[in-house]
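Data file: input-v5.pdb. Format and content: PDB, C-alpha atoms.
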ATOM      1  CA  MET I   1     110.046 125.567  57.121
ATOM      2  CA  SER I   2     110.323 127.082  60.579
ATOM      3  CA  GLN I   3     107.105 127.023  62.569
ATOM      4  CA  GLU I   4     108.381 129.457  65.192
ATOM      5  CA  PRO I   5     107.977 133.185  64.480
ATOM      6  CA  SER I   6     111.155 135.261  64.394
ATOM      7  CA  GLY I   7     109.556 138.074  66.397
ATOM      8  CA  PRO I   8     106.328 139.281  67.981
ATOM      9  CA  LEU I   9     104.657 140.000  64.630
ATOM     10  CA  VAL I  10     103.919 137.753  61.646
ATOM     11  CA  ALA I  11     102.503 138.565  58.222
ATOM     12  CA  VAL I  12      99.460 136.896  56.721
ATOM     13  CA  ASP I  13     101.581 135.032  54.157
ATOM     14  CA  TRP I  14     103.703 133.549  56.968
ATOM     15  CA  LEU I  15     100.561 132.185  58.637
ATOM     16  CA  ALA I  16      98.932 131.081  55.390
ATOM     17  CA  ALA I  17     101.968 128.982  54.487
ATOM     18  CA  ARG I  18     101.782 127.106  57.792
ATOM     19  CA  LEU I  19      98.068 126.988  58.534
ATOM     20  CA  GLY I  20      96.728 123.468  58.879
ATOM     21  CA  ALA I  21     100.122 121.739  58.884
ATOM     22  CA  PRO I  22     100.499 118.950  61.476
ATOM     23  CA  ASP I  23     102.996 121.080  63.386
ATOM     24  CA  GLY I  24     101.468 124.399  62.350
ATOM     25  CA  PRO I  25     100.585 127.196  64.752
ATOM     26  CA  VAL I  26      97.508 127.349  66.943
ATOM     27  CA  VAL I  27      95.445 130.344  65.844
ATOM     28  CA  LEU I  28      93.474 132.275  68.461
ATOM     29  CA  ASP I  29      90.821 134.894  67.707
ATOM     30  CA  ALA I  30      91.138 137.517  70.448
ATOM     31  CA  SER I  31      88.476 139.901  69.141
ATOM     32  CA  VAL I  32      86.505 141.987  71.636
ATOM     33  CA  GLY I  33      83.364 144.094  71.593
ATOM     34  CA  GLU I  34      81.621 144.513  68.260
ATOM     35  CA  HIS I  35      84.286 142.437  66.507
ATOM     36  CA  ARG I  36      83.721 139.438  68.759
ATOM     37  CA  GLY I  37      81.674 136.473  67.573
ATOM     38  CA  GLY I  38      81.682 137.429  63.907
ATOM     39  CA  GLU I  39      80.575 134.999  61.244
ATOM     40  CA  ARG I  40      83.983 134.897  59.534
ATOM     41  CA  ARG I  41      87.192 133.579  61.011
ATOM     42  CA  ILE I  42      90.539 132.211  59.966
ATOM     43  CA  PRO I  43      90.082 128.450  59.442
ATOM     44  CA  GLY I  44      90.650 126.516  62.648
ATOM     45  CA  ALA I  45      90.811 129.602  64.850
ATOM     46  CA  ARG I  46      89.785 129.146  68.479
ATOM     47  CA  VAL I  47      88.252 131.898  70.618
ATOM     48  CA  PHE I  48      90.527 133.638  73.117
ATOM     49  CA  ASP I  49      87.697 135.311  75.011
ATOM     50  CA  ILE I  50      89.043 138.508  76.576
ATOM     51  CA  ASP I  51      85.508 139.790  77.116
ATOM     52  CA  GLY I  52      84.595 136.629  79.022
ATOM     53  CA  ALA I  53      86.495 133.595  80.260
ATOM     54  CA  LEU I  54      89.947 135.155  79.905
ATOM     55  CA  SER I  55      89.244 138.026  82.253
ATOM     56  CA  ASP I  56      88.931 137.680  86.023
ATOM     57  CA  PRO I  57      85.179 137.206  86.703
ATOM     58  CA  ALA I  58      85.557 138.367  90.306
ATOM     59  CA  ALA I  59      87.270 141.651  89.458
ATOM     60  CA  PRO I  60      85.258 144.897  89.589
ATOM     61  CA  LEU I  61      87.101 146.253  86.537
ATOM     62  CA  PRO I  62      86.778 145.105  82.892
ATOM     63  CA  HIS I  63      89.431 142.968  81.216
ATOM     64  CA  THR I  64      91.341 142.208  84.416
ATOM     65  CA  MET I  65      94.105 139.638  84.061
ATOM     66  CA  PRO I  66      92.978 136.277  85.516
ATOM     67  CA  ASP I  67      95.149 134.316  87.923
ATOM     68  CA  ALA I  68      97.492 131.567  86.788
ATOM     69  CA  ASP I  69      95.124 128.708  87.632
ATOM     70  CA  ARG I  70      92.261 130.141  85.588
ATOM     71  CA  PHE I  71      94.548 131.068  82.725
ATOM     72  CA  THR I  72      96.010 127.556  82.658
ATOM     73  CA  ALA I  73      92.553 125.966  82.658
ATOM     74  CA  GLU I  74      91.261 128.183  79.846
ATOM     75  CA  LEU I  75      94.313 127.669  77.621
ATOM     76  CA  ARG I  76      94.162 123.930  78.153
ATOM     77  CA  ALA I  77      90.476 124.015  77.210
ATOM     78  CA  LEU I  78      91.561 125.704  73.964
ATOM     79  CA  GLY I  79      93.887 122.787  73.303
ATOM     80  CA  VAL I  80      97.100 124.790  73.693
ATOM     81  CA  ASP I  81     100.246 122.842  74.589
ATOM     82  CA  ASP I  82     103.417 124.219  76.113
ATOM     83  CA  GLY I  83     105.300 123.323  72.941
ATOM     84  CA  ASP I  84     102.881 124.994  70.518
ATOM     85  CA  THR I  85     103.437 128.124  68.499
ATOM     86  CA  VAL I  86     100.476 130.498  68.834
ATOM     87  CA  VAL I  87      99.331 133.276  66.507
ATOM     88  CA  VAL I  88      96.724 135.703  67.816
ATOM     89  CA  TYR I  89      94.579 138.024  65.724
ATOM     90  CA  ASP I  90      91.466 140.180  66.000
ATOM     91  CA  GLY I  91      88.739 141.462  63.742
ATOM     92  CA  ALA I  92      89.756 145.123  63.996
ATOM     93  CA  GLY I  93      93.332 144.800  62.697
ATOM     94  CA  ILE I  94      95.618 145.106  65.700
ATOM     95  CA  TYR I  95      93.538 146.072  68.695
ATOM     96  CA  SER I  96      92.866 143.334  71.243
ATOM     97  CA  SER I  97      95.216 140.749  69.723
ATOM     98  CA  ALA I  98      98.136 142.573  71.330
ATOM     99  CA  ARG I  99      96.422 142.075  74.700
ATOM    100  CA  ALA I 100      96.312 138.306  74.130
ATOM    101  CA  TRP I 101      99.997 138.364  73.116
ATOM    102  CA  TRP I 102     100.935 140.281  76.271
ATOM    103  CA  MET I 103      98.857 138.005  78.518
ATOM    104  CA  LEU I 104     100.556 134.913  77.148
ATOM    105  CA  ARG I 105     103.971 136.506  77.583
ATOM    106  CA  ALA I 106     103.077 137.505  81.135
ATOM    107  CA  MET I 107     102.207 133.874  81.825
ATOM    108  CA  GLY I 108     105.622 132.715  80.665
ATOM    109  CA  PHE I 109     104.742 131.675  77.104
ATOM    110  CA  ASP I 110     107.043 133.165  74.450
ATOM    111  CA  ARG I 111     106.131 131.230  71.289
ATOM    112  CA  VAL I 112     103.384 133.704  70.431
ATOM    113  CA  ALA I 113     103.026 136.372  67.761
ATOM    114  CA  VAL I 114     100.410 138.859  66.596
ATOM    115  CA  LEU I 115      99.040 138.629  63.058
ATOM    116  CA  ASP I 116      99.904 141.955  61.456
ATOM    117  CA  GLY I 117      96.716 143.549  60.169
ATOM    118  CA  GLY I 118      94.533 140.841  61.701
ATOM    119  CA  LEU I 119      91.411 139.571  59.988
ATOM    120  CA  PRO I 120      91.101 142.612  57.650
ATOM    121  CA  ALA I 121      94.583 141.920  56.220
ATOM    122  CA  TRP I 122      93.824 138.197  55.909
ATOM    123  CA  THR I 123      90.586 138.965  54.063
ATOM    124  CA  ALA I 124      92.202 141.588  51.822
ATOM    125  CA  ALA I 125      94.784 138.986  50.757
ATOM    126  CA  GLY I 126      91.985 136.734  49.513
ATOM    127  CA  LEU I 127      92.841 133.984  51.986
ATOM    128  CA  PRO I 128      90.249 131.398  53.049
ATOM    129  CA  LEU I 129      87.691 132.004  55.767
ATOM    130  CA  GLU I 130      85.243 129.779  57.589
ATOM    131  CA  SER I 131      81.901 130.613  59.139
ATOM    132  CA  ALA I 132      81.108 127.486  61.153
ATOM    133  CA  PRO I 133      81.481 127.813  64.929
ATOM    134  CA  PRO I 134      84.913 126.660  66.080
ATOM    135  CA  ALA I 135      84.966 123.004  67.052
ATOM    136  CA  PRO I 136      86.235 122.193  70.541
ATOM    137  CA  PRO I 137      89.697 120.591  70.612
ATOM    138  CA  ALA I 138      89.686 116.804  70.544
ATOM    139  CA  VAL I 139      91.866 116.677  73.650
ATOM    140  CA  PRO I 140      92.814 119.334  76.233
ATOM    141  CA  GLY I 141      96.224 120.939  75.974
ATOM    142  CA  ASP I 142      99.012 120.712  78.522
ATOM    143  CA  PHE I 143      99.685 124.466  78.777
ATOM    144  CA  THR I 144     100.923 125.576  82.204
ATOM    145  CA  ALA I 145     101.079 129.236  83.211
ATOM    146  CA  ARG I 146     104.377 130.390  84.670
ATOM    147  CA  PRO I 147     103.704 134.002  85.685
ATOM    148  CA  ARG I 148     106.407 136.617  85.234
ATOM    149  CA  ALA I 149     106.610 139.418  87.754
ATOM    150  CA  GLY I 150     106.408 143.044  86.673
ATOM    151  CA  MET I 151     104.596 142.776  83.347
ATOM    152  CA  PHE I 152     101.374 144.086  84.876
ATOM    153  CA  VAL I 153     101.456 146.869  87.465
ATOM    154  CA  THR I 154      99.048 148.353  89.991
ATOM    155  CA  ALA I 155      97.789 151.902  90.499
ATOM    156  CA  ASP I 156     100.285 152.423  93.332
ATOM    157  CA  GLU I 157     103.141 151.392  91.057
ATOM    158  CA  VAL I 158     101.865 153.768  88.382
ATOM    159  CA  ALA I 159     101.733 156.599  90.913
ATOM    160  CA  ARG I 160     105.386 155.979  91.751
ATOM    161  CA  THR I 161     106.283 155.859  88.052
ATOM    162  CA  LEU I 162     104.725 159.281  87.512
ATOM    163  CA  THR I 163     107.312 160.788  89.897
ATOM    164  CA  ASP I 164     110.294 158.807  88.585
ATOM    165  CA  PRO I 165     112.482 160.864  86.208
ATOM    166  CA  ALA I 166     113.816 157.673  84.620
ATOM    167  CA  ALA I 167     110.351 156.379  83.732
ATOM    168  CA  VAL I 168     107.289 157.486  81.786
ATOM    169  CA  VAL I 169     103.597 156.563  81.682
ATOM    170  CA  LEU I 170     102.266 156.478  78.119
ATOM    171  CA  ASP I 171      98.518 156.855  77.537
ATOM    172  CA  ALA I 172      97.231 154.942  74.493
ATOM    173  CA  ARG I 173      93.783 156.590  74.396
ATOM    174  CA  SER I 174      92.755 159.186  71.845
ATOM    175  CA  PRO I 175      94.021 162.770  72.245
ATOM    176  CA  GLU I 176      90.462 163.887  73.035
ATOM    177  CA  ARG I 177      90.076 161.384  75.878
ATOM    178  CA  TYR I 178      93.532 162.284  77.190
ATOM    179  CA  ALA I 179      92.627 165.983  77.161
ATOM    180  CA  GLY I 180      89.228 165.350  78.751
ATOM    181  CA  THR I 181      87.324 167.135  76.000
ATOM    182  CA  VAL I 182      85.007 164.159  75.366
ATOM    183  CA  PRO I 183      83.164 161.964  77.856
ATOM    184  CA  GLU I 184      84.644 158.604  78.731
ATOM    185  CA  PRO I 185      82.871 155.683  77.010
ATOM    186  CA  ARG I 186      82.426 153.963  80.383
ATOM    187  CA  PRO I 187      79.790 155.892  82.328
ATOM    188  CA  GLY I 188      80.822 157.492  85.590
ATOM    189  CA  LEU I 189      84.553 157.816  84.917
ATOM    190  CA  ARG I 190      86.185 161.211  85.204
ATOM    191  CA  ALA I 191      87.570 162.741  82.019
ATOM    192  CA  GLY I 192      91.230 163.615  81.579
ATOM    193  CA  HIS I 193      94.568 161.974  82.291
ATOM    194  CA  MET I 194      97.082 161.210  85.018
ATOM    195  CA  PRO I 195      99.237 164.215  85.889
ATOM    196  CA  GLY I 196     102.568 163.647  84.171
ATOM    197  CA  ALA I 197     101.337 160.957  81.759
ATOM    198  CA  VAL I 198     102.296 161.388  78.102
ATOM    199  CA  SER I 199      99.854 160.947  75.237
ATOM    200  CA  LEU I 200     100.706 158.342  72.589
ATOM    201  CA  PRO I 201      97.513 157.157  70.844
ATOM    202  CA  PHE I 202      97.886 153.543  69.791
ATOM    203  CA  VAL I 203      96.498 154.293  66.321
ATOM    204  CA  SER I 204      99.455 156.625  65.680
ATOM    205  CA  LEU I 205     101.720 153.568  65.707
ATOM    206  CA  GLN I 206      99.802 151.856  62.916
ATOM    207  CA  ARG I 207      99.229 152.410  59.224
ATOM    208  CA  ASP I 208      96.264 150.796  57.454
ATOM    209  CA  GLY I 209      95.685 148.453  60.382
ATOM    210  CA  ARG I 210      99.283 147.206  60.486
ATOM    211  CA  MET I 211     102.125 148.182  62.771
ATOM    212  CA  ARG I 212     104.512 150.768  61.396
ATOM    213  CA  PRO I 213     108.079 149.631  60.575
ATOM    214  CA  ALA I 214     110.430 149.266  63.533
ATOM    215  CA  ASP I 215     112.449 152.391  62.706
ATOM    216  CA  GLU I 216     109.291 154.509  62.574
ATOM    217  CA  LEU I 217     108.107 153.037  65.865
ATOM    218  CA  ARG I 218     111.447 153.836  67.476
ATOM    219  CA  THR I 219     111.242 157.429  66.223
ATOM    220  CA  ALA I 220     107.665 157.838  67.479
ATOM    221  CA  LEU I 221     108.484 156.392  70.888
ATOM    222  CA  THR I 222     111.705 158.354  71.285
ATOM    223  CA  ALA I 223     109.814 161.598  70.608
ATOM    224  CA  ARG I 224     107.524 160.814  73.527
ATOM    225  CA  VAL I 225     109.882 158.957  75.855
ATOM    226  CA  GLN I 226     113.124 160.869  75.179
ATOM    227  CA  GLU I 227     115.908 159.352  77.299
ATOM    228  CA  ARG I 228     113.644 157.440  79.675
ATOM    229  CA  GLU I 229     113.854 153.669  79.285
ATOM    230  CA  ARG I 230     111.232 152.421  81.764
ATOM    231  CA  LEU I 231     107.805 152.468  80.100
ATOM    232  CA  VAL I 232     104.465 151.940  81.824
ATOM    233  CA  LEU I 233     101.559 151.716  79.421
ATOM    234  CA  SER I 234      97.931 152.638  80.076
ATOM    235  CA  CYS I 235      94.674 152.968  78.130
ATOM    236  CA  GLY I 236      90.967 152.543  78.909
ATOM    237  CA  SER I 237      90.867 149.008  80.296
ATOM    238  CA  GLY I 238      94.317 147.530  79.670
ATOM    239  CA  VAL I 239      93.675 146.377  76.085
ATOM    240  CA  THR I 240      95.180 148.940  73.698
ATOM    241  CA  ALA I 241      97.979 149.662  76.166
ATOM    242  CA  CYS I 242      99.263 146.317  74.920
ATOM    243  CA  VAL I 243      99.490 147.758  71.387
ATOM    244  CA  LEU I 244     102.009 150.207  72.861
ATOM    245  CA  ALA I 245     103.775 147.259  74.499
ATOM    246  CA  LEU I 246     103.966 145.540  71.112
ATOM    247  CA  ALA I 247     105.282 148.716  69.460
ATOM    248  CA  ALA I 248     107.905 149.131  72.178
ATOM    249  CA  GLU I 249     109.019 145.513  71.752
ATOM    250  CA  LEU I 250     109.334 145.960  67.986
ATOM    251  CA  ALA I 251     111.268 149.199  68.525
ATOM    252  CA  GLY I 252     113.790 147.502  70.805
ATOM    253  CA  TYR I 253     112.560 148.557  74.242
ATOM    254  CA  ARG I 254     112.573 145.969  77.005
ATOM    255  CA  GLY I 255     111.068 145.758  80.481
ATOM    256  CA  GLN I 256     107.883 147.712  79.786
ATOM    257  CA  ALA I 257     104.792 147.104  81.919
ATOM    258  CA  VAL I 258     101.032 147.443  81.391
ATOM    259  CA  TYR I 259      98.741 149.084  83.947
ATOM    260  CA  ASP I 260      95.999 146.488  84.084
ATOM    261  CA  GLY I 261      93.363 148.729  85.688
ATOM    262  CA  SER I 262      94.154 151.633  83.346
ATOM    263  CA  TRP I 263      91.598 154.457  83.171
ATOM    264  CA  SER I 264      88.782 152.148  84.291
ATOM    265  CA  GLU I 265      90.441 152.258  87.708
ATOM    266  CA  TRP I 266      92.354 155.546  87.769
ATOM    267  CA  GLY I 267      89.380 157.544  86.516
ATOM    268  CA  LEU I 268      86.858 156.231  89.042
ATOM    269  CA  PRO I 269      84.679 158.960  90.582
ATOM    270  CA  SER I 270      86.035 158.200  94.078
ATOM    271  CA  GLY I 271      88.725 160.809  93.487
ATOM    272  CA  LEU I 272      91.427 158.638  95.071
ATOM    273  CA  ARG I 273      93.740 159.333  92.140
ATOM    274  CA  PRO I 274      94.546 162.789  90.743
ATOM    275  CA  VAL I 275      93.221 163.725  87.308
ATOM    276  CA  GLU I 276      93.963 166.712  85.118
ATOM    277  CA  THR I 277      92.642 167.893  81.770
ATOM    278  CA  GLY I 278      94.150 169.592  78.761
ATOM    279  CA  ALA I 279      96.208 168.515  75.767
ATOM    280  CA  ASP I 280      99.965 167.997  75.910
ATOM    281  CA  GLY I 281     100.599 169.413  72.463
ATOM    282  CA  PHE I 282     101.440 166.081  70.856
ATOM    283  CA  THR I 283     100.695 165.734  67.131
ATOM    284  CA  PRO I 284     101.003 162.133  65.888
ATOM    285  CA  ALA I 285     103.007 161.519  62.733
ATOM    286  CA  PRO I 286     100.878 161.082  59.586
TER
END
Please express the file's structure as structure tokens.
Amino acid sequence: MSQEPSGPLVAVDWLAARLGAPDGPVVLDASVGEHRGGERRIPGARVFDIDGALSDPAAPLPHTMPDADRFTAELRALGVDDGDTVVVYDGAGIYSSARAWWMLRAMGFDRVAVLDGGLPAWTAAGLPLESAPPAPPAVPGDFTARPRAGMFVTADEVARTLTDPAAVVLDARSPERYAGTVPEPRPGLRAGHMPGAVSLPFVSLQRDGRMRPADELRTALTARVQERERLVLSCGSGVTACVLALAAELAGYRGQAVYDGSWSEWGLPSGLRPVETGADGFTPAP
């Protein structure tokens, strides 16, 4: 039985059949916010702490990608080896697990997949859960980060993308946040979107907490992207933008990038970056 996933997404039965085997995958719980620190977890899961240790503590913005040294140290502390297969999940379905997948990919680690449907799908399948706090690994791992250029981009790179006819910035936030008709959840940020950015709410690419089939994802992305092949993905703080990255990967796109600062940076009240309001007329598929 192969222990390596065939793509960036695995089903709960794939994981269940391999969980606990001597050469089985390392399972990481990448839940954030209200889903973090729950009393139920997949047996043996270790905490990939995006809200804490796996964000840059010196950065002024939330959920900032840490440097290679910190990332290496944290993954080794989780017992991850370079030769492991890793499955990441979260308590919301597919929300922050895609961020963990993208971070690992950005650090040169490809043997990683997202659990489709996350903890809700695992629970709905009647699969076992544990409530005890995760035990620390018996020995540290030998994981070594090997950063790849271009998978995360800066505000200046996003600004250039917005004027590039061969590229598009996709905004994963809700239509209301994109339009600026509701306040931002982070106090002090301006409401609205980047001029020229295209709305593609991450939830429109899912059905019942799972990713839509690849052909549906391709159709949804093509409707928004048209002929442009270079995708830059943004959201509130660089988390759900990675759901768009996952969807693009499943749909056959390559070379996409995530704006790490996302609206937490672009929408700052300093006014350094232009903001506009109003809907773009996009209606997600049912």
Once the PyMOL selection byres ((chain I and resi 35-41) around 9) has been applied to the shown file, what residues remain in the selection, as an mmCIF file with C-alpha atoms, in the frame of the given file?
data_model
loop_
_atom_site.group_PDB
_atom_site.id
_atom_site.type_symbol
_atom_site.label_atom_id
_atom_site.label_comp_id
_atom_site.auth_asym_id
_atom_site.auth_seq_id
_atom_site.Cartn_x
_atom_site.Cartn_y
_atom_site.Cartn_z
ATOM 1 C CA ASP I 29 90.821 134.894 67.707
ATOM 2 C CA ALA I 30 91.138 137.517 70.448
ATOM 3 C CA SER I 31 88.476 139.901 69.141
ATOM 4 C CA VAL I 32 86.505 141.987 71.636
ATOM 5 C CA GLY I 33 83.364 144.094 71.593
ATOM 6 C CA GLU I 34 81.621 144.513 68.260
ATOM 7 C CA ILE I 42 90.539 132.211 59.966
ATOM 8 C CA PRO I 43 90.082 128.450 59.442
ATOM 9 C CA GLY I 44 90.650 126.516 62.648
ATOM 10 C CA ALA I 45 90.811 129.602 64.850
ATOM 11 C CA VAL I 47 88.252 131.898 70.618
ATOM 12 C CA ASP I 49 87.697 135.311 75.011
ATOM 13 C CA ASP I 51 85.508 139.790 77.116
ATOM 14 C CA ASP I 90 91.466 140.180 66.000
ATOM 15 C CA GLY I 91 88.739 141.462 63.742
ATOM 16 C CA ALA I 92 89.756 145.123 63.996
ATOM 17 C CA LEU I 119 91.411 139.571 59.988
ATOM 18 C CA PRO I 128 90.249 131.398 53.049
ATOM 19 C CA LEU I 129 87.691 132.004 55.767
ATOM 20 C CA GLU I 130 85.243 129.779 57.589
ATOM 21 C CA SER I 131 81.901 130.613 59.139
ATOM 22 C CA ALA I 132 81.108 127.486 61.153
ATOM 23 C CA PRO I 133 81.481 127.813 64.929
ATOM 24 C CA PRO I 134 84.913 126.660 66.080
#
Segment 33-73 of chain I residues near segment 227-244 of chain I within 9 Å, closest pair each, using only C-alpha atoms, as a tab-separated table:
residue	atom	partner	partner_atom	distance
I:Leu61	CA	I:Ser237	CA	7.8
I:Pro62	CA	I:Ser237	CA	6.2
I:His63	CA	I:Ser237	CA	6.3
I:Thr64	CA	I:Gly238	CA	7.7
Mind telling me what the PyMOL selection byres ((chain I and resi 150-165) around 6) catches here, as a short mmCIF file (atom, residue, chain, number, x, y, z; two decimals) with C-alpha atoms, in the frame of the given file?
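Below is the file selection37.cif, written as the result:
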data_model
loop_
_atom_site.label_atom_id
_atom_site.label_comp_id
_atom_site.auth_asym_id
_atom_site.auth_seq_id
_atom_site.Cartn_x
_atom_site.Cartn_y
_atom_site.Cartn_z
CA ALA I 106 103.08 137.50 81.14
CA ALA I 149 106.61 139.42 87.75
CA ALA I 166 113.82 157.67 84.62
CA ALA I 167 110.35 156.38 83.73
CA GLY I 196 102.57 163.65 84.17
CA ALA I 257 104.79 147.10 81.92
CA VAL I 258 101.03 147.44 81.39
CA TYR I 259 98.74 149.08 83.95
CA ASP I 260 96.00 146.49 84.08
#
* Which residues come within 8 Å of segment 2-8 of chain I, counting only C-alpha atoms, excluding same-chain residues fewer than 5 positions away, as a PyMOL selection string? -> chain I and resi 18+23-25+85+111-114+246+249-250
Writing out the chosen residues with C-alpha atoms as an mmCIF file, in the coordinates of the input:
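The result, written out as out-v3.cif:
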data_model
loop_
_atom_site.group_PDB
_atom_site.id
_atom_site.type_symbol
_atom_site.label_atom_id
_atom_site.label_comp_id
_atom_site.auth_asym_id
_atom_site.auth_seq_id
_atom_site.Cartn_x
_atom_site.Cartn_y
_atom_site.Cartn_z
ATOM 1 C CA ARG I 18 101.782 127.106 57.792
ATOM 2 C CA ASP I 23 102.996 121.080 63.386
ATOM 3 C CA GLY I 24 101.468 124.399 62.350
ATOM 4 C CA PRO I 25 100.585 127.196 64.752
ATOM 5 C CA THR I 85 103.437 128.124 68.499
ATOM 6 C CA ARG I 111 106.131 131.230 71.289
ATOM 7 C CA VAL I 112 103.384 133.704 70.431
ATOM 8 C CA ALA I 113 103.026 136.372 67.761
ATOM 9 C CA VAL I 114 100.410 138.859 66.596
ATOM 10 C CA LEU I 246 103.966 145.540 71.112
ATOM 11 C CA GLU I 249 109.019 145.513 71.752
ATOM 12 C CA LEU I 250 109.334 145.960 67.986
#
* **Atomic separation - atom CA of Gln226 of chain I relative to atom CA of Val182 of chain I, Å** =>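 We find that atom CA of Val182 of chain I and atom CA of Gln226 of chain I lie 28.3 Å from each other.
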* **Polymer residues at most 12 Å from (111.3, 160.3, 70.9) by all atoms listed in the file, as a VMD selection string** => chain I and resid 168 198 200 215 to 229 248 251 282 284 to 285
* To do: Go ahead and compute the interatomic distance for atom CA of Arg146 of chain I and atom CA of Met211 of chain I, in Å to one decimal.
  =>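 These two atoms are separated by 28.3 Å.
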